[in-house]
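S.K.: input_24.txt is reproduced in full below (compact mmCIF, C-alpha atoms).
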# COMPACT_ATOMS: atom_id res chain seq x y z
CA MET A 3 35.46 -18.56 -38.94
CA ARG A 4 34.04 -21.40 -36.88
CA LEU A 5 36.40 -23.88 -35.33
CA ALA A 6 35.25 -26.55 -37.74
CA ALA A 7 36.07 -24.37 -40.72
CA LEU A 8 39.41 -23.50 -39.22
CA VAL A 9 40.64 -26.97 -38.49
CA LEU A 10 38.69 -29.31 -40.67
CA GLY A 11 38.39 -27.35 -43.87
CA ALA A 12 35.35 -25.63 -45.24
CA GLY A 13 33.64 -28.88 -46.19
CA LEU A 14 32.63 -29.84 -42.67
CA SER A 15 31.90 -26.37 -41.34
CA GLY A 16 28.20 -26.83 -41.99
CA MET A 17 28.16 -29.26 -39.09
CA PHE A 18 28.78 -26.46 -36.63
CA GLY A 19 28.04 -23.47 -38.82
CA GLY A 20 25.11 -21.11 -38.76
CA SER A 21 25.03 -17.77 -37.01
CA ALA A 22 22.89 -19.02 -34.11
CA ALA A 23 25.33 -21.72 -32.93
CA ALA A 24 25.30 -21.67 -29.15
CA PRO A 25 28.51 -21.32 -27.13
CA GLU A 26 27.86 -24.82 -25.87
CA ASP A 27 28.11 -26.17 -29.42
CA ASP A 28 31.45 -24.39 -29.77
CA ARG A 29 32.71 -25.86 -26.54
CA ARG A 30 31.73 -29.39 -27.51
CA ALA A 31 33.40 -28.94 -30.87
CA TYR A 32 36.64 -27.84 -29.19
CA VAL A 33 36.54 -30.75 -26.77
CA GLN A 34 35.94 -33.19 -29.61
CA PHE A 35 38.68 -31.68 -31.69
CA PHE A 36 41.28 -31.86 -28.92
CA GLN A 37 40.23 -35.32 -27.75
CA ALA A 38 40.61 -36.60 -31.30
CA ARG A 39 44.10 -35.10 -31.42
CA PHE A 40 45.15 -36.30 -27.94
CA PRO A 41 43.07 -39.43 -27.36
CA ALA A 42 45.15 -40.59 -24.39
CA VAL A 43 44.83 -37.41 -22.33
CA PRO A 44 41.98 -37.24 -19.78
CA LEU A 45 40.09 -33.94 -19.92
CA ASP A 46 41.05 -32.87 -16.40
CA ASP A 47 44.73 -32.98 -17.40
CA TYR A 48 44.26 -30.10 -19.82
CA VAL A 49 44.78 -27.64 -17.00
CA LEU A 50 48.43 -28.79 -17.00
CA GLY A 51 48.93 -27.00 -20.32
CA SER A 52 51.71 -28.42 -22.45
CA PHE A 53 52.89 -30.56 -19.50
CA MET A 54 49.89 -32.78 -20.20
CA LEU A 55 51.69 -33.98 -23.31
CA ASN A 56 54.86 -35.47 -21.88
CA ALA A 57 55.66 -37.47 -18.79
CA ALA A 58 59.06 -35.88 -18.13
CA GLY A 59 57.66 -32.36 -18.26
CA ARG A 60 54.89 -33.40 -15.96
CA ARG A 61 57.29 -34.84 -13.38
CA HIS A 62 59.32 -31.64 -13.56
CA TYR A 63 56.10 -29.67 -12.97
CA GLU A 64 55.10 -31.85 -10.03
CA ASP A 65 58.56 -31.56 -8.45
CA ILE A 66 58.40 -27.79 -8.59
CA MET A 67 54.82 -27.67 -7.37
CA ALA A 68 55.83 -29.72 -4.30
CA PHE A 69 57.96 -26.76 -3.12
CA PRO A 70 56.89 -23.78 -5.19
CA PRO A 71 59.59 -21.11 -5.36
CA PHE A 72 56.84 -18.52 -5.79
CA GLU A 73 55.33 -19.20 -2.35
CA PRO A 74 56.51 -15.77 -1.10
CA ASP A 75 54.43 -14.06 -3.78
CA ILE A 76 51.34 -16.00 -2.76
CA ASP A 77 52.04 -15.01 0.85
CA ARG A 78 52.25 -11.37 -0.16
CA GLY A 79 48.91 -11.79 -1.88
CA ARG A 80 47.44 -13.38 1.22
CA ALA A 81 48.70 -10.45 3.31
CA LEU A 82 46.94 -8.01 0.95
CA TRP A 83 43.80 -10.16 1.10
CA GLU A 84 43.78 -10.25 4.90
CA THR A 85 44.59 -6.59 5.51
CA PRO A 86 41.31 -4.83 6.31
CA PHE A 87 40.25 -1.73 4.38
CA PRO A 88 40.29 1.52 6.43
CA ASN A 89 36.65 0.89 7.34
CA GLY A 90 37.56 -2.47 8.87
CA ARG A 91 35.93 -4.63 6.21
CA THR A 92 37.86 -7.19 4.16
CA TYR A 93 37.66 -8.79 0.73
CA ALA A 94 36.13 -11.86 2.36
CA ASP A 95 33.33 -9.69 3.82
CA CYS A 96 32.71 -8.21 0.41
CA LEU A 97 32.34 -11.49 -1.50
CA PRO A 98 29.87 -14.40 -1.32
CA ASP A 99 31.19 -17.31 0.78
CA GLY A 100 34.21 -15.23 1.71
CA GLY A 101 35.44 -15.46 -1.87
CA ARG A 102 35.72 -19.26 -1.82
CA MET A 103 34.76 -21.38 -4.81
CA LEU A 104 33.93 -18.26 -6.75
CA ALA A 105 36.65 -17.52 -9.33
CA GLY A 106 35.49 -20.34 -11.61
CA THR A 107 32.22 -18.49 -12.25
CA TYR A 108 34.08 -15.45 -13.65
CA PRO A 109 34.12 -13.70 -16.05
CA ARG A 110 30.39 -12.98 -16.03
CA TYR A 111 28.26 -10.75 -18.17
CA ASP A 112 26.88 -7.94 -16.01
CA ALA A 113 23.56 -6.75 -17.42
CA GLU A 114 23.59 -3.49 -15.46
CA GLN A 115 27.08 -2.47 -16.46
CA ARG A 116 26.45 -3.96 -19.90
CA ARG A 117 29.89 -5.49 -20.02
CA VAL A 118 31.94 -8.49 -19.03
CA VAL A 119 33.20 -8.45 -15.45
CA THR A 120 36.33 -10.43 -14.57
CA PHE A 121 37.31 -11.77 -11.16
CA GLU A 122 39.96 -9.05 -10.93
CA MET A 123 37.30 -6.40 -11.59
CA LEU A 124 35.26 -7.93 -8.79
CA LEU A 125 38.21 -7.55 -6.40
CA ASN A 126 38.64 -3.95 -7.49
CA ARG A 127 34.93 -3.40 -6.92
CA CYS A 128 35.45 -4.49 -3.30
CA ARG A 129 38.21 -1.92 -3.05
CA THR A 130 36.30 1.01 -4.48
CA ASP A 131 33.11 0.10 -2.57
CA ASN A 132 35.19 0.29 0.59
CA GLY A 133 36.83 3.60 -0.17
CA GLU A 134 40.08 2.32 -1.65
CA ALA A 135 41.58 3.12 -5.03
CA ALA A 136 41.39 0.40 -7.67
CA TYR A 137 44.57 -1.53 -8.42
CA ARG A 138 46.00 -1.43 -11.90
CA TYR A 139 45.45 -4.64 -13.84
CA ASP A 140 49.04 -4.68 -15.03
CA ASP A 141 50.61 -4.28 -11.57
CA ARG A 142 52.15 -7.56 -10.51
CA ASP A 143 52.91 -6.33 -6.99
CA THR A 144 49.30 -5.52 -6.14
CA MET A 145 46.60 -7.02 -8.36
CA GLY A 146 49.03 -9.71 -9.55
CA VAL A 147 49.87 -11.20 -6.16
CA LEU A 148 46.37 -10.53 -4.80
CA THR A 149 44.78 -12.68 -7.53
CA ALA A 150 47.58 -15.23 -7.24
CA TYR A 151 46.30 -15.81 -3.71
CA ALA A 152 42.57 -15.10 -4.12
CA ARG A 153 42.15 -17.54 -6.99
CA THR A 154 43.67 -20.40 -4.99
CA LEU A 155 40.59 -20.12 -2.74
CA SER A 156 38.71 -21.64 -5.67
CA ASP A 157 41.17 -24.47 -6.36
CA GLY A 158 39.35 -27.65 -7.31
CA MET A 159 36.05 -26.05 -8.30
CA ARG A 160 34.82 -26.84 -11.79
CA MET A 161 34.80 -23.95 -14.21
CA ALA A 162 31.20 -22.81 -14.61
CA ILE A 163 31.03 -19.79 -16.88
CA ARG A 164 27.56 -18.74 -17.97
CA VAL A 165 26.71 -17.15 -21.29
CA GLU A 166 22.96 -16.77 -21.42
CA SER A 167 21.38 -13.53 -22.61
CA PRO A 168 21.78 -12.36 -26.20
CA GLU A 169 23.94 -9.50 -24.87
CA ALA A 170 26.21 -12.01 -23.13
CA VAL A 171 26.42 -14.10 -26.28
CA ALA A 172 27.45 -10.97 -28.18
CA ARG A 173 30.41 -10.41 -25.80
CA TYR A 174 31.33 -14.09 -26.04
CA GLU A 175 31.24 -13.86 -29.84
CA ALA A 176 33.42 -10.75 -29.75
CA GLY A 177 35.93 -12.71 -27.68
CA ARG A 178 35.85 -15.60 -30.09
CA ALA A 179 36.27 -13.29 -33.06
CA PHE A 180 39.40 -11.82 -31.51
CA PHE A 181 40.71 -15.32 -30.80
CA GLU A 182 40.34 -16.22 -34.46
CA ARG A 183 41.52 -12.95 -36.01
CA ARG A 184 44.93 -12.85 -37.65
CA ILE A 185 46.98 -10.10 -36.07
CA GLY A 186 50.46 -8.61 -36.07
CA GLN A 187 53.28 -8.52 -38.54
CA MET A 188 53.51 -12.32 -38.25
CA ASN A 189 49.85 -12.65 -39.19
CA PHE A 190 48.78 -15.16 -36.54
CA SER A 191 45.56 -15.76 -34.69
CA CYS A 192 45.45 -17.29 -31.21
CA ALA A 193 43.65 -20.23 -32.82
CA ASN A 194 46.43 -20.74 -35.37
CA CYS A 195 48.74 -21.66 -32.50
CA HIS A 196 46.54 -22.94 -29.68
CA VAL A 197 44.03 -24.91 -31.76
CA GLN A 198 45.48 -25.67 -35.18
CA ASN A 199 49.04 -26.22 -33.91
CA ALA A 200 48.36 -27.31 -30.34
CA GLY A 201 50.74 -30.09 -29.37
CA ARG A 202 53.23 -29.17 -32.06
CA VAL A 203 56.62 -27.75 -31.30
CA MET A 204 57.64 -24.17 -31.95
CA ARG A 205 61.43 -24.23 -31.90
CA MET A 206 61.86 -25.97 -28.50
CA GLU A 207 58.45 -25.33 -26.98
CA VAL A 208 55.32 -27.49 -27.10
CA ILE A 209 52.27 -25.32 -27.75
CA SER A 210 49.46 -25.90 -25.28
CA PRO A 211 45.83 -26.39 -26.35
CA ALA A 212 43.48 -23.47 -25.72
CA LEU A 213 41.28 -25.83 -23.74
CA GLY A 214 42.47 -25.74 -20.12
CA GLN A 215 44.46 -22.50 -20.40
CA ALA A 216 42.19 -20.18 -18.45
CA PRO A 217 41.61 -22.25 -15.26
CA HIS A 218 45.19 -22.26 -13.97
CA PHE A 219 46.16 -18.61 -14.04
CA PRO A 220 48.11 -16.74 -12.85
CA VAL A 221 51.27 -18.68 -13.68
CA PHE A 222 54.83 -18.25 -12.46
CA ARG A 223 57.07 -18.61 -15.46
CA GLY A 224 60.49 -19.95 -14.68
CA GLY A 225 59.20 -20.40 -11.11
CA ASP A 226 59.12 -16.74 -10.16
CA ALA A 227 57.84 -14.44 -12.92
CA LEU A 228 54.16 -13.80 -12.28
CA TYR A 229 51.95 -13.66 -15.36
CA THR A 230 48.27 -12.96 -15.05
CA LEU A 231 46.11 -14.27 -17.87
CA HIS A 232 46.07 -10.83 -19.49
CA ALA A 233 49.85 -10.56 -19.14
CA ARG A 234 50.13 -13.84 -21.03
CA TYR A 235 47.78 -12.53 -23.74
CA THR A 236 50.07 -9.52 -24.02
CA ARG A 237 53.14 -11.74 -24.29
CA CYS A 238 51.63 -13.80 -27.12
CA MET A 239 50.62 -10.62 -28.95
CA GLU A 240 54.19 -9.33 -28.67
CA GLN A 241 55.45 -12.62 -30.07
CA VAL A 242 53.46 -12.16 -33.25
CA ARG A 243 54.53 -8.50 -33.32
CA ALA A 244 51.09 -7.09 -32.75
CA GLU A 245 50.56 -3.97 -30.65
CA PRO A 246 49.53 -5.52 -27.29
CA LEU A 247 46.23 -4.37 -25.83
CA PRO A 248 46.15 -3.01 -22.29
CA MET A 249 45.59 -5.58 -19.53
CA GLY A 250 42.07 -5.14 -18.24
CA SER A 251 40.87 -3.79 -21.58
CA GLU A 252 37.39 -4.65 -22.77
CA THR A 253 38.70 -6.74 -25.66
CA PHE A 254 40.81 -8.84 -23.29
CA ASN A 255 37.82 -9.21 -20.97
CA ASP A 256 35.70 -10.48 -23.85
CA LEU A 257 38.52 -12.80 -24.92
CA GLU A 258 38.80 -14.13 -21.37
CA TYR A 259 35.02 -14.72 -21.30
CA PHE A 260 35.18 -16.87 -24.43
CA HIS A 261 38.48 -18.49 -23.44
CA SER A 262 37.19 -19.41 -19.96
CA TYR A 263 33.87 -20.72 -21.22
CA MET A 264 35.76 -23.19 -23.39
CA SER A 265 37.16 -24.76 -20.19
CA ASN A 266 33.82 -25.22 -18.47
CA GLY A 267 33.84 -28.37 -16.39
CA LEU A 268 37.61 -28.41 -15.91
CA PRO A 269 39.08 -28.08 -12.41
CA LEU A 270 40.44 -24.66 -11.46
CA LYS A 271 44.01 -24.73 -10.16
CA ALA A 272 45.48 -21.28 -9.72
CA SER A 273 49.07 -20.13 -9.35
CA VAL A 274 51.14 -22.83 -10.96
CA TYR A 275 54.59 -23.24 -12.42
CA ARG A 276 55.20 -22.75 -16.12
CA ARG A 277 58.35 -22.71 -18.20
CA MET B 26 88.88 -37.85 -66.04
CA ARG B 27 90.14 -36.05 -69.13
CA PRO B 28 92.34 -33.07 -68.52
CA ILE B 29 90.47 -29.78 -68.74
CA PRO B 30 91.00 -28.15 -72.10
CA VAL B 31 93.20 -25.12 -71.76
CA LEU B 32 90.53 -22.84 -73.21
CA LEU B 33 88.00 -23.66 -70.49
CA ALA B 34 90.34 -23.11 -67.59
CA PRO B 35 89.90 -19.33 -67.36
CA LEU B 36 86.12 -19.79 -67.41
CA ILE B 37 86.26 -22.17 -64.47
CA LEU B 38 88.49 -19.74 -62.65
CA VAL B 39 85.93 -17.00 -63.23
CA LEU B 40 83.15 -19.26 -61.98
CA ALA B 41 85.16 -20.06 -58.89
CA ILE B 42 85.64 -16.36 -58.24
CA THR B 43 81.96 -15.53 -58.67
CA GLU B 44 81.13 -18.41 -56.34
CA ALA B 45 83.01 -16.69 -53.54
CA PRO B 46 80.58 -13.80 -52.98
CA ALA B 47 77.73 -16.27 -53.27
CA GLY B 48 79.33 -18.21 -50.43
CA ALA B 49 79.51 -15.04 -48.37
CA THR B 50 75.85 -14.29 -49.06
CA GLU B 51 74.99 -17.78 -47.98
CA SER B 52 76.40 -17.24 -44.54
CA SER B 53 74.46 -14.00 -44.06
CA GLY B 54 71.35 -15.82 -45.28
CA ARG B 55 71.97 -18.44 -42.64
CA ARG B 56 72.24 -15.76 -40.00
CA VAL B 57 68.99 -14.12 -41.10
CA ALA B 58 67.18 -17.46 -41.27
CA HIS B 59 68.32 -18.55 -37.79
CA ASP B 60 68.01 -15.19 -36.00
CA GLN B 61 64.93 -15.18 -33.76
CA GLU B 62 64.45 -11.47 -34.38
CA ARG B 63 64.56 -11.83 -38.17
CA GLY B 64 63.75 -14.98 -40.16
CA ASN B 65 63.25 -17.26 -37.17
CA CYS B 66 62.63 -20.09 -39.64
CA LEU B 67 63.74 -22.59 -36.98
CA ALA B 68 60.60 -21.77 -35.01
CA CYS B 69 58.76 -23.94 -37.51
CA HIS B 70 61.21 -25.82 -39.73
CA ARG B 71 63.92 -28.40 -39.20
CA MET B 72 66.93 -28.21 -41.50
CA PRO B 73 68.73 -31.54 -41.22
CA ALA B 74 71.39 -30.58 -43.78
CA ASP B 75 72.65 -27.87 -41.43
CA PRO B 76 74.02 -29.49 -38.27
CA GLY B 77 73.99 -26.12 -36.48
CA ALA B 78 70.25 -25.64 -37.00
CA GLU B 79 69.06 -26.47 -33.49
CA THR B 80 65.33 -26.94 -33.23
CA ASN B 81 62.63 -29.47 -32.43
CA ALA B 82 60.10 -27.63 -34.55
CA ASP B 83 57.36 -29.43 -36.42
CA MET B 84 54.99 -26.63 -37.37
CA GLY B 85 56.23 -26.54 -40.95
CA PRO B 86 57.69 -29.21 -43.24
CA THR B 87 61.32 -30.21 -42.89
CA LEU B 88 63.40 -28.14 -45.29
CA GLU B 89 65.52 -30.56 -47.31
CA ASN B 90 66.34 -31.39 -50.94
CA ILE B 91 65.28 -27.87 -51.74
CA ARG B 92 67.34 -27.50 -54.90
CA GLN B 93 65.70 -30.56 -56.44
CA ARG B 94 62.22 -29.53 -55.45
CA TYR B 95 62.65 -25.86 -56.34
CA PRO B 96 64.87 -25.80 -59.39
CA ASP B 97 63.50 -22.32 -60.06
CA ARG B 98 64.68 -20.01 -57.28
CA ALA B 99 61.90 -17.55 -58.07
CA ASP B 100 59.35 -20.11 -56.85
CA LEU B 101 61.23 -20.51 -53.61
CA ARG B 102 61.54 -16.77 -53.20
CA GLN B 103 57.81 -16.31 -53.79
CA ARG B 104 57.04 -18.83 -51.02
CA ILE B 105 59.13 -16.91 -48.56
CA TRP B 106 57.92 -13.50 -49.75
CA ASP B 107 54.27 -14.46 -49.17
CA ALA B 108 53.35 -18.12 -48.74
CA ARG B 109 49.66 -17.19 -48.98
CA ALA B 110 50.03 -17.25 -52.75
CA PHE B 111 50.19 -21.04 -52.42
CA ASN B 112 48.01 -21.59 -49.38
CA PRO B 113 45.70 -18.76 -48.32
CA ASP B 114 45.36 -20.28 -44.84
CA THR B 115 49.07 -20.78 -44.27
CA ILE B 116 50.62 -19.92 -40.91
CA MET B 117 53.96 -19.11 -42.50
CA PRO B 118 54.56 -15.38 -41.97
CA PRO B 119 54.52 -13.22 -45.14
CA TYR B 120 58.16 -12.14 -44.90
CA GLY B 121 58.14 -9.86 -47.93
CA ARG B 122 54.63 -8.48 -47.99
CA HIS B 123 54.70 -7.63 -44.27
CA ARG B 124 58.28 -6.36 -44.48
CA ILE B 125 59.46 -8.75 -41.82
CA LEU B 126 62.65 -9.06 -43.89
CA THR B 127 64.11 -6.68 -46.45
CA GLU B 128 64.23 -7.72 -50.12
CA GLU B 129 67.97 -8.17 -49.74
CA GLU B 130 67.60 -10.36 -46.68
CA ILE B 131 65.06 -12.49 -48.54
CA ASP B 132 67.54 -12.98 -51.38
CA GLN B 133 70.14 -14.05 -48.83
CA VAL B 134 67.72 -16.46 -47.18
CA VAL B 135 66.82 -17.93 -50.57
CA ASP B 136 70.51 -18.56 -51.24
CA TYR B 137 70.88 -20.34 -47.93
CA ILE B 138 67.65 -22.37 -48.10
CA HIS B 139 68.36 -23.37 -51.71
CA GLY B 140 71.46 -25.17 -50.48
CA LEU B 141 69.66 -27.27 -47.86
Before anything else, please render the file you have as structure tokens.
M.R.:
Amino acid sequence: MRLAALVLGAGLSGMFGGSAAAPEDDRRAYVQFFQARFPAVPLDDYVLGSFMLNAAGRRHYEDIMAFPPFEPDIDRGRALWETPFPNGRTYADCLPDGGRMLAGTYPRYDAEQRRVVTFEMLLNRCRTDNGEAAYRYDDRDTMGVLTAYARTLSDGMRMAIRVESPEAVARYEAGRAFFERRIGQMNFSCANCHVQNAGRVMRMEVISPALGQAPHFPVFRGGDALYTLHARYTRCMEQVRAEPLPMGSETFNDLEYFHSYMSNGLPLKASVYRR
Amino acid sequence: MRPIPVLLAPLILVLAITEAPAGATESSGRRVAHDQERGNCLACHRMPADPGAETNADMGPTLENIRQRYPDRADLRQRIWDARAFNPDTIMPPYGRHRILTEEEIDQVVDYIHGL
């Protein structure tokens, strides 16, 4: 179901409907939807997640970000980043511009591999190309802290995900379909919470809009618990009592592709505090 | 008030006795409704008639005046069993159809919610 059908009722879905609707039409529709719901919030603030919606929460966030308790984890990530592979090369040697201002262009569709490639997969590619074993995508102590550092090298860049070829659009559409599919014993889709109910309160917690979610990962929940984007997907799936998919799985990669595209134009800000 | 006719007194006594188990059921219904692992109704609903119902939720309507609005408990039960019967696009979890709660727990929850 298209966003318009989901949130506005079937009557208006024709506005955005049609099987050939481009991802860019989707993105504009999301932006319009959220801006109508939160007219006072500037677009760049969406990367603050639910903190964008209340001044006290935002001050709390800013206080913690002034002296982040998770600094040691970022430092461990930096140490991994700077340690040369056995052949003497480093991640920076392996990546364009030393890996700076890069993360905001991932995920990408790779025509040769015929699949979506995430930034984490790119880091693993550096490892395997240099004779090292790949890290597991669910290992906080290796891939987790490494990305928590590596992504900060792209802080401030504007998200610029590209979905161009028909094959890329197909992966994007698969991601969107997962985002909108009802799953789990609780029968929820991601969109039910992060579009339809964004800004509303679930028990004590304000639900963040899907727009702006991808650019600020990983997060440190409670100030020290590292969650990569896929770890957060897993957590939300558990909450609705669905069998969580493996981190790094193709479905999560497709979801991340769609989810990140939605935030195109927003400023990347990695490794932040969350409740 | 007129004194209660002698003949009715035993009936009232019986009613009072049968109310007691209902009261007990009500408290287990409350537990099921509030428990995050079971009903977790407070994730979405406020219940102002129950001062212990701590939540800021606003995903579902406030549950109040239920007895007036659902004089027929079967209607209320049906909503909890599978709210999709009333709204196919609802976000309220289908407690009965998806076996999130047992039939007995649903009865208990209905008792509790009916009193809000």
S.K.: Have a look at atom CA of His139 of chain B and atom CA of Leu67 of chain B and let me know their distance in Å, one decimal.
M.R.: 15.5 Å
S.K.: Find the spatial neighbours of Met264 of chain A, counting all atoms listed in the file, within a cut-off of 12 Å - ignore same-chain residues fewer than 4 positions away - and output them as a PyMOL selection string.
M.R.: chain A and resi 5+25-34+36+48-49+161-165+174+177-178+181+197+211-217+257-260+268
S.K.: Mind giving me the straight-line distance from atom CA of Asp256 of chain A to atom CA of Met123 of chain A in Å, one decimal?
M.R.: 13.0 Å
S.K.: Mind giving me the straight-line distance from atom CA of Gly224 of chain A to atom CA of Arg60 of chain A in Å, one decimal?
M.R.: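 Between atom CA of Gly224 of chain A and atom CA of Arg60 of chain A the gap works out to 14.6 Å.
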S.K.: Go through chain A and flag each residue having an atom no more than 10 Å from chain B; for those, report the closest pair of atoms plus their distance in Å to one decimal, using only C-alpha atoms, ordered by chain and rising number, as a tab-separated table.
M.R.:
residue	atom	partner	partner_atom	distance
A:Leu8	CA	B:Asp114	CA	8.8
A:Gly11	CA	B:Asp114	CA	10.0
A:Arg184	CA	B:Ile116	CA	9.6
A:Gly186	CA	B:His123	CA	9.3
A:Gln187	CA	B:His123	CA	6.0
A:Met188	CA	B:Pro118	CA	4.9
A:Asn189	CA	B:Pro118	CA	6.1
A:Phe190	CA	B:Ile116	CA	6.7
A:Ser191	CA	B:Ile116	CA	9.0
A:Asn194	CA	B:Ile116	CA	7.0
A:Cys195	CA	B:Ile116	CA	8.8
A:Gln198	CA	B:Ile116	CA	9.6
A:Asn199	CA	B:Met84	CA	6.9
A:Ala200	CA	B:Met84	CA	9.7
A:Gly201	CA	B:Asp83	CA	9.7
A:Arg202	CA	B:Asp83	CA	6.0
A:Val203	CA	B:Ala82	CA	4.8
A:Met204	CA	B:Ala68	CA	4.9
A:Arg205	CA	B:Ala68	CA	4.1
A:Met206	CA	B:Asn81	CA	5.3
A:Glu207	CA	B:Asn81	CA	8.0
A:Val208	CA	B:Ala82	CA	8.9
A:Val242	CA	B:Pro118	CA	9.4
A:Arg243	CA	B:Ile125	CA	9.8
S.K.: Can you tell me, as number ranges by chain, what residues are no more than 9 Å from Arg63 of chain B when counting all atoms listed in the file, ignoring any on the same chain fewer than 4 positions away?
M.R.: B: 56-59, 125-126
S.K.: Ranking A:Ile76, A:Met145, A:Leu50, A:Leu270 by minimum distance to Thr230 of chain A and counting all atoms listed in the file, which one comes first?
M.R.: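 Of A:Ile76, A:Met145, A:Leu50, A:Leu270, the one nearest Thr230 of chain A is A:Met145, counting all atoms listed in the file.
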S.K.: Which polymer residues have any atom within 12 Å of an atom of Glu84 of chain A, counting all atoms listed in the file, with same-chain residues fewer than 3 positions away left out, as a PyMOL selection string?
M.R.: chain A and resi 77-81+87+90-95+100-101+148+151-152
S.K.: Can you tell me which residues surround Ala105 of chain A at a distance of at most 9 Å, considering all atoms listed in the file, apart from same-chain residues fewer than 3 positions away, and format the answer as a list in words?
M.R.: Gly101, Arg102, Tyr108, Pro109, Thr120, Phe121, Ala152, Arg153, Thr154, Leu155, Ser156, Asp157, Met159, Met161 and Leu270 of chain A
S.K.: Which residue is closest to Met72 of chain B? Choose from B:Asp136, B:Asp97, B:Thr87, B:Asp60 and count only C-alpha atoms.
M.R.: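 Once distances to Met72 of chain B are computed over only C-alpha atoms, the minimum belongs to B:Thr87.
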S.K.: Go ahead and find all residues with at least one atom no further than 8 Å from (28.6, -7.9, -22.5) in the file's coordinates, using all atoms listed in the file; report them as a list of chain:residue names.
M.R.: A:Tyr111, A:Asp112, A:Ala113, A:Arg116, A:Arg117, A:Val118, A:Glu169, A:Ala170, A:Val171, A:Ala172, A:Arg173, A:Tyr174, A:Asp256
S.K.: What lies within 10 Å of Pro248 of chain A using only C-alpha atoms, ignoring chain neighbours under 3 positions off, as a list in words?
M.R.: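 Answer for this query is Tyr139, Asp140, His232, Ala233, Tyr235, Thr236, Glu245, Ser251, Glu252, Thr253 and Phe254 of chain A.
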S.K.: Can you give me all heavy atoms for segment 93-97 of chain B, written as a short mmCIF file (atom, residue, chain, number, x, y, z; two decimals), keeping the file's coordinate frame?
M.R.:
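Output below, filename part.cif:
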data_model
loop_
_atom_site.label_atom_id
_atom_site.label_comp_id
_atom_site.auth_asym_id
_atom_site.auth_seq_id
_atom_site.Cartn_x
_atom_site.Cartn_y
_atom_site.Cartn_z
N GLN B 93 66.41 -29.67 -55.53
CA GLN B 93 65.70 -30.56 -56.44
C GLN B 93 64.23 -30.15 -56.56
O GLN B 93 63.64 -30.18 -57.63
CB GLN B 93 65.76 -32.03 -55.96
CG GLN B 93 67.11 -32.70 -56.13
CD GLN B 93 67.95 -32.57 -54.87
OE1 GLN B 93 68.13 -31.46 -54.34
NE2 GLN B 93 68.47 -33.69 -54.38
N ARG B 94 63.65 -29.78 -55.42
CA ARG B 94 62.22 -29.53 -55.45
C ARG B 94 61.87 -28.11 -55.93
O ARG B 94 60.76 -27.86 -56.37
CB ARG B 94 61.63 -29.79 -54.08
CG ARG B 94 61.71 -31.32 -53.78
CD ARG B 94 60.86 -31.75 -52.64
NE ARG B 94 61.23 -31.03 -51.42
CZ ARG B 94 60.45 -30.14 -50.85
NH1 ARG B 94 59.28 -29.87 -51.35
NH2 ARG B 94 60.86 -29.53 -49.77
N TYR B 95 62.85 -27.22 -55.83
CA TYR B 95 62.65 -25.86 -56.34
C TYR B 95 63.78 -25.50 -57.29
O TYR B 95 64.63 -24.67 -56.95
CB TYR B 95 62.59 -24.84 -55.19
CG TYR B 95 61.38 -25.01 -54.31
CD1 TYR B 95 61.44 -25.83 -53.19
CD2 TYR B 95 60.18 -24.37 -54.61
CE1 TYR B 95 60.33 -26.00 -52.38
CE2 TYR B 95 59.06 -24.53 -53.81
CZ TYR B 95 59.15 -25.35 -52.68
OH TYR B 95 58.05 -25.51 -51.89
N PRO B 96 63.80 -26.13 -58.45
CA PRO B 96 64.87 -25.80 -59.39
C PRO B 96 64.82 -24.31 -59.75
O PRO B 96 65.85 -23.70 -59.97
CB PRO B 96 64.57 -26.68 -60.61
CG PRO B 96 63.25 -27.32 -60.38
CD PRO B 96 62.88 -27.15 -58.96
N ASP B 97 63.65 -23.74 -59.77
CA ASP B 97 63.50 -22.32 -60.06
C ASP B 97 63.49 -21.53 -58.75
O ASP B 97 62.55 -21.62 -57.96
CB ASP B 97 62.19 -22.11 -60.83
CG ASP B 97 62.02 -20.65 -61.25
OD1 ASP B 97 62.84 -19.81 -60.84
OD2 ASP B 97 61.06 -20.38 -62.00
#
